[in-house]
$ cat input.csv   # CSV, C-alpha atoms
chain,number,residue,atom,x,y,z
X,1070,MET,CA,-17.6,263.7,-26.5
X,1071,LYS,CA,-17.5,259.9,-26.4
X,1072,ILE,CA,-20.6,259.8,-28.5
X,1073,LEU,CA,-19.0,262.2,-31.0
X,1074,LYS,CA,-15.8,260.2,-31.1
X,1075,THR,CA,-17.8,257.0,-31.7
X,1076,MET,CA,-19.8,258.6,-34.5
X,1077,LEU,CA,-16.6,259.9,-36.1
X,1078,GLY,CA,-15.1,256.5,-35.8
X,1079,LEU,CA,-18.1,254.8,-37.4
X,1080,GLY,CA,-18.1,257.4,-40.1
X,1081,ALA,CA,-14.4,256.8,-40.8
X,1082,ALA,CA,-14.9,253.0,-40.9
X,1083,PHE,CA,-17.9,253.5,-43.3
X,1084,ALA,CA,-15.7,255.7,-45.5
X,1085,VAL,CA,-13.0,253.1,-45.6
X,1086,THR,CA,-15.6,250.4,-46.5
X,1087,LEU,CA,-16.9,252.5,-49.3
X,1088,SER,CA,-13.4,253.3,-50.5
X,1089,SER,CA,-12.5,249.6,-50.4
X,1090,ALA,CA,-15.7,248.6,-52.3
X,1091,ALA,CA,-15.0,251.3,-54.9
X,1092,ALA,CA,-11.4,250.1,-55.3
X,1093,PHE,CA,-12.6,246.5,-55.7
X,1094,ALA,CA,-15.2,247.5,-58.2
X,1095,GLU,CA,-12.7,249.5,-60.2
X,1096,GLY,CA,-10.0,246.7,-60.2
X,1097,TYR,CA,-12.2,243.6,-60.7
X,1098,PRO,CA,-11.4,241.3,-62.3
X,1099,GLU,CA,-7.6,241.4,-61.9
X,1100,ARG,CA,-6.9,237.8,-62.8
X,1101,THR,CA,-8.4,234.7,-64.5
X,1102,ILE,CA,-11.9,233.6,-63.6
X,1103,THR,CA,-12.9,229.9,-63.4
X,1104,MET,CA,-16.3,228.9,-64.8
X,1105,VAL,CA,-17.2,225.5,-63.5
X,1106,VAL,CA,-19.4,223.4,-65.7
X,1107,PRO,CA,-20.8,220.4,-63.8
X,1108,PHE,CA,-20.9,218.1,-66.8
X,1109,ALA,CA,-18.4,216.6,-69.3
X,1110,ALA,CA,-16.7,218.5,-72.0
X,1111,GLY,CA,-18.4,218.5,-75.4
X,1112,GLY,CA,-22.0,218.3,-74.0
X,1113,PRO,CA,-24.6,221.0,-74.6
X,1114,THR,CA,-24.1,222.8,-71.3
X,1115,ASP,CA,-20.3,222.9,-72.0
X,1116,THR,CA,-21.0,224.3,-75.5
X,1117,VAL,CA,-23.2,227.1,-74.0
X,1118,ALA,CA,-20.6,227.8,-71.3
X,1119,ARG,CA,-17.7,228.1,-73.7
X,1120,LEU,CA,-19.5,230.5,-76.1
X,1121,VAL,CA,-20.5,232.8,-73.2
X,1122,ALA,CA,-17.2,232.5,-71.5
X,1123,GLU,CA,-15.3,233.6,-74.6
X,1124,SER,CA,-17.5,236.6,-75.1
X,1125,MET,CA,-17.4,237.6,-71.4
X,1126,SER,CA,-13.7,237.3,-71.4
X,1127,LYS,CA,-13.4,240.0,-74.0
X,1128,ASP,CA,-15.6,242.3,-72.1
X,1129,LEU,CA,-14.0,241.7,-68.7
X,1130,GLY,CA,-10.4,242.0,-70.0
X,1131,GLN,CA,-9.6,238.8,-68.2
X,1132,GLN,CA,-9.9,235.2,-69.4
X,1133,ILE,CA,-12.6,232.9,-68.1
X,1134,ILE,CA,-11.4,229.4,-68.1
X,1135,VAL,CA,-14.1,226.6,-68.3
X,1136,GLU,CA,-13.4,223.7,-66.0
X,1137,ASN,CA,-15.5,220.6,-66.3
X,1138,VAL,CA,-16.3,218.9,-63.0
X,1139,GLY,CA,-18.7,216.2,-63.9
X,1140,GLY,CA,-20.4,213.6,-61.7
X,1141,ALA,CA,-23.4,212.9,-59.5
X,1142,GLY,CA,-25.8,214.7,-61.9
X,1143,GLY,CA,-24.0,218.0,-61.7
X,1144,THR,CA,-24.0,218.2,-57.9
X,1145,LEU,CA,-20.2,217.6,-57.6
X,1146,GLY,CA,-19.4,220.7,-59.6
X,1147,ALA,CA,-22.1,222.8,-57.9
X,1148,GLY,CA,-20.7,221.7,-54.5
X,1149,ARG,CA,-17.2,222.7,-55.5
X,1150,VAL,CA,-18.4,226.2,-56.3
X,1151,ALA,CA,-20.5,226.4,-53.2
X,1152,ALA,CA,-17.4,225.7,-51.1
X,1153,ALA,CA,-15.1,228.0,-53.2
X,1154,PRO,CA,-13.8,231.4,-51.9
X,1155,ALA,CA,-16.5,234.0,-52.4
X,1156,ASP,CA,-14.1,236.4,-54.2
X,1157,GLY,CA,-15.7,236.6,-57.6
X,1158,TYR,CA,-13.1,234.4,-59.3
X,1159,THR,CA,-15.1,231.1,-59.3
X,1160,VAL,CA,-18.5,230.9,-60.9
X,1161,LEU,CA,-20.9,228.0,-61.9
X,1162,LEU,CA,-22.8,227.6,-65.1
X,1163,HIS,CA,-25.5,225.1,-64.5
X,1164,HIS,CA,-28.8,224.1,-66.2
X,1165,ILE,CA,-32.2,223.1,-65.0
X,1166,GLY,CA,-30.6,220.4,-62.9
X,1167,MET,CA,-29.7,223.0,-60.3
X,1168,ALA,CA,-33.5,223.1,-59.5
X,1169,THR,CA,-34.3,219.4,-59.9
X,1170,SER,CA,-31.4,218.1,-57.9
X,1171,ALA,CA,-32.9,219.8,-54.8
X,1172,THR,CA,-35.6,217.1,-54.9
X,1173,LEU,CA,-33.9,214.3,-56.7
X,1174,TYR,CA,-31.0,214.0,-54.2
X,1175,ARG,CA,-31.8,213.0,-50.7
X,1176,LYS,CA,-28.5,214.4,-49.5
X,1177,LEU,CA,-26.7,217.4,-51.0
X,1178,ALA,CA,-23.5,219.0,-49.8
X,1179,TYR,CA,-25.0,222.4,-50.2
X,1180,ASP,CA,-28.3,224.2,-49.7
X,1181,THR,CA,-29.5,225.0,-53.2
X,1182,LEU,CA,-31.3,228.2,-52.4
X,1183,ASN,CA,-28.9,229.6,-49.8
X,1184,ALA,CA,-25.4,228.5,-50.9
X,1185,PHE,CA,-25.1,230.7,-54.0
X,1186,ASP,CA,-25.4,234.3,-55.2
X,1187,TYR,CA,-27.0,234.8,-58.6
X,1188,VAL,CA,-25.5,236.4,-61.8
X,1189,GLY,CA,-28.2,235.8,-64.4
X,1190,LEU,CA,-30.0,233.6,-66.9
X,1191,VAL,CA,-28.1,232.6,-70.1
X,1192,THR,CA,-30.4,230.7,-72.4
X,1193,ASP,CA,-33.4,228.4,-72.4
X,1194,VAL,CA,-32.8,225.5,-74.8
X,1195,PRO,CA,-36.0,223.8,-76.2
X,1196,MET,CA,-36.4,220.0,-76.1
X,1197,THR,CA,-37.4,217.6,-78.9
X,1198,ILE,CA,-39.3,214.4,-78.6
X,1199,VAL,CA,-37.5,212.0,-81.0
X,1200,ALA,CA,-37.4,208.3,-81.8
X,1201,ARG,CA,-35.6,205.8,-83.9
X,1202,LYS,CA,-36.2,206.5,-87.5
X,1203,ASP,CA,-38.3,203.4,-88.2
X,1204,LEU,CA,-40.7,203.7,-85.3
X,1205,GLU,CA,-44.2,203.2,-86.6
X,1206,PRO,CA,-46.3,206.2,-85.4
X,1207,ALA,CA,-46.4,209.1,-87.9
X,1208,ASP,CA,-47.2,211.9,-85.5
X,1209,LEU,CA,-47.2,212.8,-81.8
X,1210,LYS,CA,-50.8,211.8,-81.2
X,1211,GLY,CA,-50.0,208.4,-82.7
X,1212,LEU,CA,-46.9,208.2,-80.6
X,1213,VAL,CA,-48.8,208.8,-77.4
X,1214,ASP,CA,-51.3,206.1,-78.3
X,1215,TYR,CA,-48.4,203.8,-79.1
X,1216,MET,CA,-46.7,204.4,-75.8
X,1217,LYS,CA,-49.8,203.8,-73.8
X,1218,ALA,CA,-50.6,200.6,-75.7
X,1219,ASN,CA,-47.0,199.3,-75.3
X,1220,LYS,CA,-45.9,200.8,-72.0
X,1221,ASP,CA,-44.2,197.6,-70.9
X,1222,THR,CA,-41.9,197.4,-73.9
X,1223,VAL,CA,-41.4,201.0,-75.2
X,1224,THR,CA,-37.9,202.1,-74.1
X,1225,VAL,CA,-37.0,205.7,-73.3
X,1226,ALA,CA,-33.3,206.5,-73.3
X,1227,ASN,CA,-31.7,209.2,-71.2
X,1228,ALA,CA,-28.1,210.4,-70.6
X,1229,GLY,CA,-28.2,209.7,-66.9
X,1230,ILE,CA,-29.9,211.0,-63.7
X,1231,VAL,CA,-30.6,214.8,-63.6
X,1232,THR,CA,-29.6,215.1,-67.3
X,1233,ALA,CA,-31.9,217.1,-69.6
X,1234,SER,CA,-33.1,213.9,-71.3
X,1235,HIS,CA,-33.9,212.2,-67.9
X,1236,LEU,CA,-36.0,215.2,-66.7
X,1237,CYS,CA,-37.8,215.6,-70.0
X,1238,GLY,CA,-38.5,211.8,-70.1
X,1239,MET,CA,-40.1,212.0,-66.6
X,1240,LEU,CA,-42.2,215.0,-67.6
X,1241,LEU,CA,-43.4,213.2,-70.8
X,1242,MET,CA,-44.4,210.1,-68.8
X,1243,SER,CA,-46.2,212.4,-66.3
X,1244,ALA,CA,-48.0,214.3,-69.2
X,1245,ILE,CA,-49.4,211.1,-70.7
X,1246,ASP,CA,-49.9,209.5,-67.2
X,1247,THR,CA,-48.0,206.3,-68.4
X,1248,PRO,CA,-44.9,204.8,-66.9
X,1249,LEU,CA,-42.4,203.6,-69.6
X,1250,VAL,CA,-39.2,201.5,-69.5
X,1251,THR,CA,-36.3,204.0,-69.0
X,1252,VAL,CA,-32.8,203.2,-70.1
X,1253,PRO,CA,-30.1,205.4,-68.5
X,1254,TYR,CA,-26.8,205.8,-70.2
X,1255,LYS,CA,-23.5,207.4,-69.1
X,1256,GLY,CA,-23.8,210.5,-71.3
X,1257,THR,CA,-25.7,211.8,-74.3
X,1258,GLY,CA,-23.3,210.2,-76.8
X,1259,PRO,CA,-24.0,206.5,-76.1
X,1260,ALA,CA,-27.7,207.2,-75.7
X,1261,MET,CA,-27.9,208.8,-79.1
X,1262,THR,CA,-25.8,206.1,-80.6
X,1263,ASP,CA,-28.3,203.4,-79.5
X,1264,LEU,CA,-31.2,205.5,-80.7
X,1265,LEU,CA,-29.5,205.8,-84.1
X,1266,GLY,CA,-28.9,202.1,-84.0
X,1267,GLY,CA,-32.5,201.3,-83.1
X,1268,GLN,CA,-31.6,199.7,-79.7
X,1269,VAL,CA,-34.0,202.1,-77.9
X,1270,ASP,CA,-37.2,203.6,-79.1
X,1271,ILE,CA,-37.5,207.2,-77.8
X,1272,MET,CA,-35.6,210.0,-76.3
X,1273,CYS,CA,-36.6,213.5,-75.2
X,1274,ASP,CA,-33.5,215.8,-75.4
X,1275,GLN,CA,-32.2,219.3,-76.2
X,1276,THR,CA,-32.1,220.7,-79.6
X,1277,THR,CA,-28.4,221.2,-79.1
X,1278,ASN,CA,-28.1,217.4,-79.2
X,1279,THR,CA,-30.7,216.4,-81.7
X,1280,THR,CA,-30.9,219.1,-84.4
X,1281,LYS,CA,-28.3,217.7,-86.7
X,1282,GLN,CA,-29.7,214.2,-86.6
X,1283,ILE,CA,-33.2,215.5,-87.2
X,1284,GLN,CA,-32.0,217.5,-90.2
X,1285,GLY,CA,-30.1,214.6,-91.5
X,1286,GLY,CA,-33.1,212.2,-91.2
X,1287,THR,CA,-31.2,209.7,-89.0
X,1288,ILE,CA,-33.9,210.0,-86.3
X,1289,LYS,CA,-37.6,210.8,-86.4
X,1290,ALA,CA,-38.8,214.0,-84.7
X,1291,TYR,CA,-42.3,214.2,-83.3
X,1292,ALA,CA,-42.3,217.6,-81.5
X,1293,VAL,CA,-40.5,220.5,-80.0
X,1294,THR,CA,-41.4,221.6,-76.5
X,1295,SER,CA,-41.3,225.3,-77.2
X,1296,PRO,CA,-44.4,227.6,-77.5
X,1297,ALA,CA,-43.8,228.0,-81.2
X,1298,ARG,CA,-42.0,226.1,-84.0
X,1299,LEU,CA,-38.3,226.7,-84.3
X,1300,ASP,CA,-36.7,228.4,-87.3
X,1301,VAL,CA,-34.0,225.7,-87.3
X,1302,LEU,CA,-36.6,222.9,-87.4
X,1303,PRO,CA,-39.6,224.5,-89.2
X,1304,ASP,CA,-41.2,221.2,-90.1
X,1305,VAL,CA,-41.3,219.8,-86.6
X,1306,PRO,CA,-44.6,220.7,-84.8
X,1307,THR,CA,-44.9,221.9,-81.2
X,1308,ALA,CA,-46.1,219.5,-78.6
X,1309,ALA,CA,-49.2,221.6,-78.2
X,1310,GLU,CA,-49.9,221.1,-81.9
X,1311,GLY,CA,-49.6,217.4,-81.4
X,1312,GLY,CA,-52.1,217.3,-78.6
X,1313,LEU,CA,-49.9,217.8,-75.5
X,1314,ALA,CA,-51.2,221.3,-74.7
X,1315,ASP,CA,-49.3,221.7,-71.4
X,1316,PHE,CA,-46.1,220.0,-72.4
X,1317,GLN,CA,-43.6,222.9,-72.5
X,1318,VAL,CA,-40.1,222.5,-71.1
X,1319,GLY,CA,-36.8,224.1,-71.8
X,1320,ILE,CA,-33.4,223.5,-70.3
X,1321,TRP,CA,-32.5,226.9,-68.9
X,1322,HIS,CA,-29.0,227.8,-67.9
X,1323,GLY,CA,-27.8,230.3,-65.3
X,1324,ILE,CA,-24.6,231.5,-63.8
X,1325,TYR,CA,-24.0,231.4,-60.0
X,1326,ALA,CA,-21.3,232.4,-57.6
X,1327,PRO,CA,-20.5,231.3,-54.0
X,1328,LYS,CA,-22.7,232.9,-51.4
X,1329,GLY,CA,-21.1,236.1,-50.1
X,1330,THR,CA,-19.4,237.1,-53.3
X,1331,PRO,CA,-18.9,240.9,-53.3
X,1332,SER,CA,-21.9,242.7,-54.8
X,1333,GLU,CA,-19.6,244.7,-57.0
X,1334,ALA,CA,-18.3,241.4,-58.6
X,1335,ILE,CA,-21.8,240.1,-59.1
X,1336,GLU,CA,-22.9,243.3,-60.7
X,1337,ARG,CA,-19.8,243.3,-63.0
X,1338,LEU,CA,-20.4,239.7,-64.0
X,1339,SER,CA,-24.1,240.3,-64.7
X,1340,LYS,CA,-23.3,243.3,-66.9
X,1341,SER,CA,-20.7,241.3,-68.7
X,1342,LEU,CA,-23.2,238.5,-69.3
X,1343,GLN,CA,-25.6,241.0,-70.8
X,1344,VAL,CA,-22.9,242.2,-73.1
X,1345,ALA,CA,-22.1,238.6,-74.2
X,1346,LEU,CA,-25.7,237.7,-74.8
X,1347,LYS,CA,-25.9,240.7,-77.3
X,1348,ASP,CA,-22.8,239.4,-79.1
X,1349,GLN,CA,-23.8,238.6,-82.7
X,1350,ASN,CA,-21.5,235.5,-82.8
X,1351,VAL,CA,-23.1,234.1,-79.6
X,1352,ALA,CA,-26.6,234.7,-81.0
X,1353,ALA,CA,-25.7,233.1,-84.3
X,1354,ARG,CA,-24.2,230.0,-82.7
X,1355,PHE,CA,-27.1,229.7,-80.3
X,1356,ALA,CA,-29.5,229.9,-83.3
X,1357,GLU,CA,-27.6,227.0,-85.0
X,1358,LEU,CA,-28.3,225.0,-81.8
X,1359,GLY,CA,-32.0,225.9,-81.8
X,1360,THR,CA,-31.9,228.3,-79.0
X,1361,ALA,CA,-31.5,232.1,-78.3
X,1362,PRO,CA,-29.8,234.3,-75.7
X,1363,SER,CA,-31.8,235.3,-72.7
X,1364,PRO,CA,-33.2,238.9,-73.0
X,1365,GLU,CA,-31.3,241.5,-70.9
X,1366,ALA,CA,-34.1,241.6,-68.3
X,1367,ASP,CA,-33.5,237.9,-67.6
X,1368,ALA,CA,-29.7,238.1,-67.4
X,1369,THR,CA,-29.9,239.5,-63.9
X,1370,PRO,CA,-29.5,238.2,-60.4
X,1371,ALA,CA,-33.2,238.8,-59.5
X,1372,ALA,CA,-34.5,236.9,-62.6
X,1373,LEU,CA,-32.3,233.9,-62.0
X,1374,LYS,CA,-33.2,233.7,-58.3
X,1375,ALA,CA,-36.9,233.8,-59.2
X,1376,LYS,CA,-36.5,231.2,-61.9
X,1377,LEU,CA,-34.7,228.8,-59.6
X,1378,GLU,CA,-37.3,229.1,-56.9
X,1379,SER,CA,-40.2,228.6,-59.3
X,1380,GLU,CA,-38.5,225.6,-61.0
X,1381,ILE,CA,-37.8,223.9,-57.7
X,1382,ALA,CA,-41.6,224.2,-56.9
X,1383,ARG,CA,-42.6,223.0,-60.4
X,1384,TRP,CA,-40.4,219.9,-60.5
X,1385,LYS,CA,-40.9,218.7,-56.9
X,1386,PRO,CA,-44.3,217.0,-57.5
X,1387,VAL,CA,-43.2,215.5,-60.8
X,1388,ILE,CA,-40.1,213.9,-59.3
X,1389,GLU,CA,-41.9,212.7,-56.2
X,1390,ALA,CA,-44.6,211.1,-58.3
X,1391,ALA,CA,-42.0,209.3,-60.4
X,1392,GLY,CA,-40.2,208.1,-57.3
X,1393,GLN,CA,-36.8,208.4,-58.9
X,1394,PHE,CA,-34.4,209.6,-56.2
X,1395,ALA,CA,-30.7,209.5,-55.8
X,1396,ASP,CA,-28.6,209.3,-52.7

$ encode --input "input.csv" --output "structure tokens"
Amino acid sequence: MKILKTMLGLGAAFAVTLSSAAAFAEGYPERTITMVVPFAAGGPTDTVARLVAESMSKDLGQQIIVENVGGAGGTLGAGRVAAAPADGYTVLLHHIGMATSATLYRKLAYDTLNAFDYVGLVTDVPMTIVARKDLEPADLKGLVDYMKANKDTVTVANAGIVTASHLCGMLLMSAIDTPLVTVPYKGTGPAMTDLLGGQVDIMCDQTTNTTKQIQGGTIKAYAVTSPARLDVLPDVPTAAEGGLADFQVGIWHGIYAPKGTPSEAIERLSKSLQVALKDQNVAARFAELGTAPSPEADATPAALKAKLESEIARWKPVIEAAGQFAD
């Protein structure tokens, strides 16, 4: 009899749990969701976030507010989300820095692989190798020769530690096995300003930051880092065409939630992300920036988790070889 009562009790508890989960799924979301972007407003990751948040808001029936929490290479914003209530109302949109910070930073306030649940991949933005418009080399092969011959004087700008331009610059130096003089800035804006003014020589940055300047002829473009040429920059060869066969890098973006977020919320957010990435307005705006929405198969928790794990493994030896760490 006691066993029977216990079984009945467990069954009732299980039924209540199922009922609660169903009620949560049916009602979620019931209020505004905050999407934390761990970088300043107006940057490329912020642009991606606002486009996706607007479209997801329409699908969810609740507004997604983008909150910029910059600082410490994106780790402050990520840390805030890791510590937020796991209720489905706080999410993080972060780029490749989510993976690289795991090695770049000696101390993090969170465990990168275990502090978050995964929603899905958003987009993978190609990079461009660009230079001041009067730099002498005519093509990428000539640029590589020039960098090797002038390694003590060639300057490579970046927007700060863990930024896309910092990571791409490290990978470029690794690819040509030549250390160069790096010049960090506090943001993409001042870095690009000095490149336009000729105060620095080279930068490797996202198409979202460089396309307009390339099209306007105010900087010189040597290569894109995608497997094929881009429709928005058809005259710019790929790095492979220029002789760097293995130099392919994109700044991928993903959406995360605090660990322990109800699976029903994760599933709903992932489905909404998939809807947003099929939005013609989102696709058109992404195309203008030289990128494209992730395919539906990648806008899933499993795909983002696999991407993060593989990218941590990929960047660890590059960062350790460069010896560029942060506390």

$ atom_distance --input "input.csv" --atom1 "CA of Ala1184 (chain X)" --atom2 "CA of Arg1100 (chain X)"
23.9 Å

$ closest_residue --input "input.csv" --among "X:Gly1130, X:Asp1193, X:Thr1224, X:Asp1186" --to "Thr1294 (chain X)" --atoms "only C-alpha atoms"
X:Asp1193

$ closest_residue --input "input.csv" --among "X:Arg1201, X:Arg1354, X:Lys1217, X:Lys1328" --to "Leu1265 (chain X)" --atoms "only C-alpha atoms"
X:Arg1201

$ closest_residue --input "input.csv" --among "X:Ile1283, X:Leu1236, X:Ala1244, X:Val1387" --to "Ala1309 (chain X)" --atoms "all atoms listed in the file"
X:Ala1244

$ residues_around --input "input.csv" --residues "Val1160 (chain X)" --least-positions-apart "6" --cutoff "6 Å" --atoms "all atoms listed in the file" --output "number ranges by chain"
X: 1104, 1325-1326

$ write_last_selection --input "input.csv" --atoms "C-alpha atoms" --output "compact mmCIF listing (two decimals), keeping the file's coordinate frame"
# COMPACT_ATOMS: atom_id res chain seq x y z
CA MET X 1104 -16.30 228.90 -64.80
CA TYR X 1325 -24.00 231.40 -60.00
CA ALA X 1326 -21.30 232.40 -57.60

$ closest_residue --input "input.csv" --among "X:Ser1379, X:Thr1114, X:Asn1350, X:Asn1278" --to "Ile1324 (chain X)" --atoms "only C-alpha atoms"
X:Thr1114

$ atom_distance --input "input.csv" --atom1 "CA of Gly1189 (chain X)" --atom2 "CA of Gly1112 (chain X)"
20.9 Å

$ closest_residue --input "input.csv" --among "X:Ala1200, X:Gly1329, X:Gly1229, X:Asp1208" --to "Gln1268 (chain X)" --atoms "only C-alpha atoms"
X:Ala1200

$ residues_around --input "input.csv" --residues "His1164 (chain X)" --least-positions-apart "2" --cutoff "6 Å" --atoms "all atoms listed in the file" --output "ChimeraX atom specification"
/X:1166,1321-1322

$ atom_distance --input "input.csv" --atom1 "CA of Met1272 (chain X)" --atom2 "CA of Leu1120 (chain X)"
26.1 Å

$ decode --input "input.csv" --residues "region 1140-1169 of chain X" --atoms "N, CA and C atoms" --output "PDB file, in the first residue's frame"
ATOM      1  N   GLY X1140      32.876  46.484 -22.183  1.00  0.00           N
ATOM      2  CA  GLY X1140      33.996  46.443 -21.260  1.00  0.00           C
ATOM      3  C   GLY X1140      34.636  45.079 -21.157  1.00  0.00           C
ATOM      4  N   ALA X1141      35.947  45.086 -20.933  1.00  0.00           N
ATOM      5  CA  ALA X1141      36.733  43.861 -20.738  1.00  0.00           C
ATOM      6  C   ALA X1141      36.531  42.864 -21.882  1.00  0.00           C
ATOM      7  N   GLY X1142      36.567  43.372 -23.098  1.00  0.00           N
ATOM      8  CA  GLY X1142      36.499  42.491 -24.270  1.00  0.00           C
ATOM      9  C   GLY X1142      35.227  41.671 -24.365  1.00  0.00           C
ATOM     10  N   GLY X1143      34.135  42.193 -23.812  1.00  0.00           N
ATOM     11  CA  GLY X1143      32.863  41.476 -23.895  1.00  0.00           C
ATOM     12  C   GLY X1143      32.580  40.595 -22.694  1.00  0.00           C
ATOM     13  N   THR X1144      33.554  40.455 -21.805  1.00  0.00           N
ATOM     14  CA  THR X1144      33.365  39.532 -20.687  1.00  0.00           C
ATOM     15  C   THR X1144      32.468  40.103 -19.591  1.00  0.00           C
ATOM     16  N   LEU X1145      32.368  41.430 -19.498  1.00  0.00           N
ATOM     17  CA  LEU X1145      31.473  42.019 -18.498  1.00  0.00           C
ATOM     18  C   LEU X1145      30.017  41.714 -18.827  1.00  0.00           C
ATOM     19  N   GLY X1146      29.660  41.908 -20.093  1.00  0.00           N
ATOM     20  CA  GLY X1146      28.294  41.619 -20.506  1.00  0.00           C
ATOM     21  C   GLY X1146      27.965  40.141 -20.400  1.00  0.00           C
ATOM     22  N   ALA X1147      28.909  39.304 -20.809  1.00  0.00           N
ATOM     23  CA  ALA X1147      28.696  37.859 -20.701  1.00  0.00           C
ATOM     24  C   ALA X1147      28.539  37.444 -19.248  1.00  0.00           C
ATOM     25  N   GLY X1148      29.347  38.042 -18.379  1.00  0.00           N
ATOM     26  CA  GLY X1148      29.261  37.728 -16.966  1.00  0.00           C
ATOM     27  C   GLY X1148      27.929  38.139 -16.359  1.00  0.00           C
ATOM     28  N   ARG X1149      27.405  39.266 -16.817  1.00  0.00           N
ATOM     29  CA  ARG X1149      26.107  39.708 -16.308  1.00  0.00           C
ATOM     30  C   ARG X1149      25.012  38.709 -16.666  1.00  0.00           C
ATOM     31  N   VAL X1150      25.050  38.213 -17.889  1.00  0.00           N
ATOM     32  CA  VAL X1150      24.031  37.251 -18.307  1.00  0.00           C
ATOM     33  C   VAL X1150      24.211  35.924 -17.572  1.00  0.00           C
ATOM     34  N   ALA X1151      25.448  35.501 -17.391  1.00  0.00           N
ATOM     35  CA  ALA X1151      25.695  34.247 -16.668  1.00  0.00           C
ATOM     36  C   ALA X1151      25.115  34.294 -15.260  1.00  0.00           C
ATOM     37  N   ALA X1152      25.124  35.490 -14.655  1.00  0.00           N
ATOM     38  CA  ALA X1152      24.638  35.639 -13.286  1.00  0.00           C
ATOM     39  C   ALA X1152      23.163  36.035 -13.208  1.00  0.00           C
ATOM     40  N   ALA X1153      22.511  36.234 -14.339  1.00  0.00           N
ATOM     41  CA  ALA X1153      21.114  36.680 -14.367  1.00  0.00           C
ATOM     42  C   ALA X1153      20.170  35.527 -14.028  1.00  0.00           C
ATOM     43  N   PRO X1154      18.957  35.834 -13.600  1.00  0.00           N
ATOM     44  CA  PRO X1154      17.971  34.775 -13.357  1.00  0.00           C
ATOM     45  C   PRO X1154      17.742  33.937 -14.608  1.00  0.00           C
ATOM     46  N   ALA X1155      17.696  32.630 -14.435  1.00  0.00           N
ATOM     47  CA  ALA X1155      17.518  31.719 -15.580  1.00  0.00           C
ATOM     48  C   ALA X1155      16.031  31.525 -15.849  1.00  0.00           C
ATOM     49  N   ASP X1156      15.377  32.617 -16.279  1.00  0.00           N
ATOM     50  CA  ASP X1156      13.932  32.581 -16.463  1.00  0.00           C
ATOM     51  C   ASP X1156      13.491  32.841 -17.902  1.00  0.00           C
ATOM     52  N   GLY X1157      14.462  32.973 -18.816  1.00  0.00           N
ATOM     53  CA  GLY X1157      14.119  33.194 -20.208  1.00  0.00           C
ATOM     54  C   GLY X1157      13.962  34.646 -20.593  1.00  0.00           C
ATOM     55  N   TYR X1158      14.206  35.558 -19.649  1.00  0.00           N
ATOM     56  CA  TYR X1158      13.989  36.980 -19.930  1.00  0.00           C
ATOM     57  C   TYR X1158      15.282  37.783 -20.044  1.00  0.00           C
ATOM     58  N   THR X1159      16.406  37.103 -19.976  1.00  0.00           N
ATOM     59  CA  THR X1159      17.704  37.730 -20.238  1.00  0.00           C
ATOM     60  C   THR X1159      18.503  36.808 -21.145  1.00  0.00           C
ATOM     61  N   VAL X1160      18.972  37.343 -22.281  1.00  0.00           N
ATOM     62  CA  VAL X1160      19.787  36.560 -23.206  1.00  0.00           C
ATOM     63  C   VAL X1160      21.010  37.382 -23.599  1.00  0.00           C
ATOM     64  N   LEU X1161      21.957  36.726 -24.191  1.00  0.00           N
ATOM     65  CA  LEU X1161      23.216  37.344 -24.610  1.00  0.00           C
ATOM     66  C   LEU X1161      23.420  37.109 -26.094  1.00  0.00           C
ATOM     67  N   LEU X1162      23.733  38.172 -26.822  1.00  0.00           N
ATOM     68  CA  LEU X1162      24.179  38.005 -28.206  1.00  0.00           C
ATOM     69  C   LEU X1162      25.652  38.396 -28.253  1.00  0.00           C
ATOM     70  N   HIS X1163      26.493  37.401 -28.514  1.00  0.00           N
ATOM     71  CA  HIS X1163      27.942  37.586 -28.471  1.00  0.00           C
ATOM     72  C   HIS X1163      28.536  37.046 -29.768  1.00  0.00           C
ATOM     73  N   HIS X1164      29.759  37.511 -30.072  1.00  0.00           N
ATOM     74  CA  HIS X1164      30.410  37.009 -31.279  1.00  0.00           C
ATOM     75  C   HIS X1164      31.513  36.001 -30.930  1.00  0.00           C
ATOM     76  N   ILE X1165      32.436  35.822 -31.840  1.00  0.00           N
ATOM     77  CA  ILE X1165      33.515  34.848 -31.681  1.00  0.00           C
ATOM     78  C   ILE X1165      34.304  35.045 -30.387  1.00  0.00           C
ATOM     79  N   GLY X1166      34.257  36.266 -29.828  1.00  0.00           N
ATOM     80  CA  GLY X1166      34.956  36.547 -28.585  1.00  0.00           C
ATOM     81  C   GLY X1166      34.497  35.674 -27.430  1.00  0.00           C
ATOM     82  N   MET X1167      33.305  35.099 -27.544  1.00  0.00           N
ATOM     83  CA  MET X1167      32.832  34.171 -26.518  1.00  0.00           C
ATOM     84  C   MET X1167      33.788  32.987 -26.421  1.00  0.00           C
ATOM     85  N   ALA X1168      34.322  32.563 -27.566  1.00  0.00           N
ATOM     86  CA  ALA X1168      35.248  31.425 -27.598  1.00  0.00           C
ATOM     87  C   ALA X1168      36.675  31.845 -27.244  1.00  0.00           C
ATOM     88  N   THR X1169      37.125  32.948 -27.811  1.00  0.00           N
ATOM     89  CA  THR X1169      38.524  33.337 -27.617  1.00  0.00           C
ATOM     90  C   THR X1169      38.801  33.845 -26.210  1.00  0.00           C
TER      91      THR X1169
END
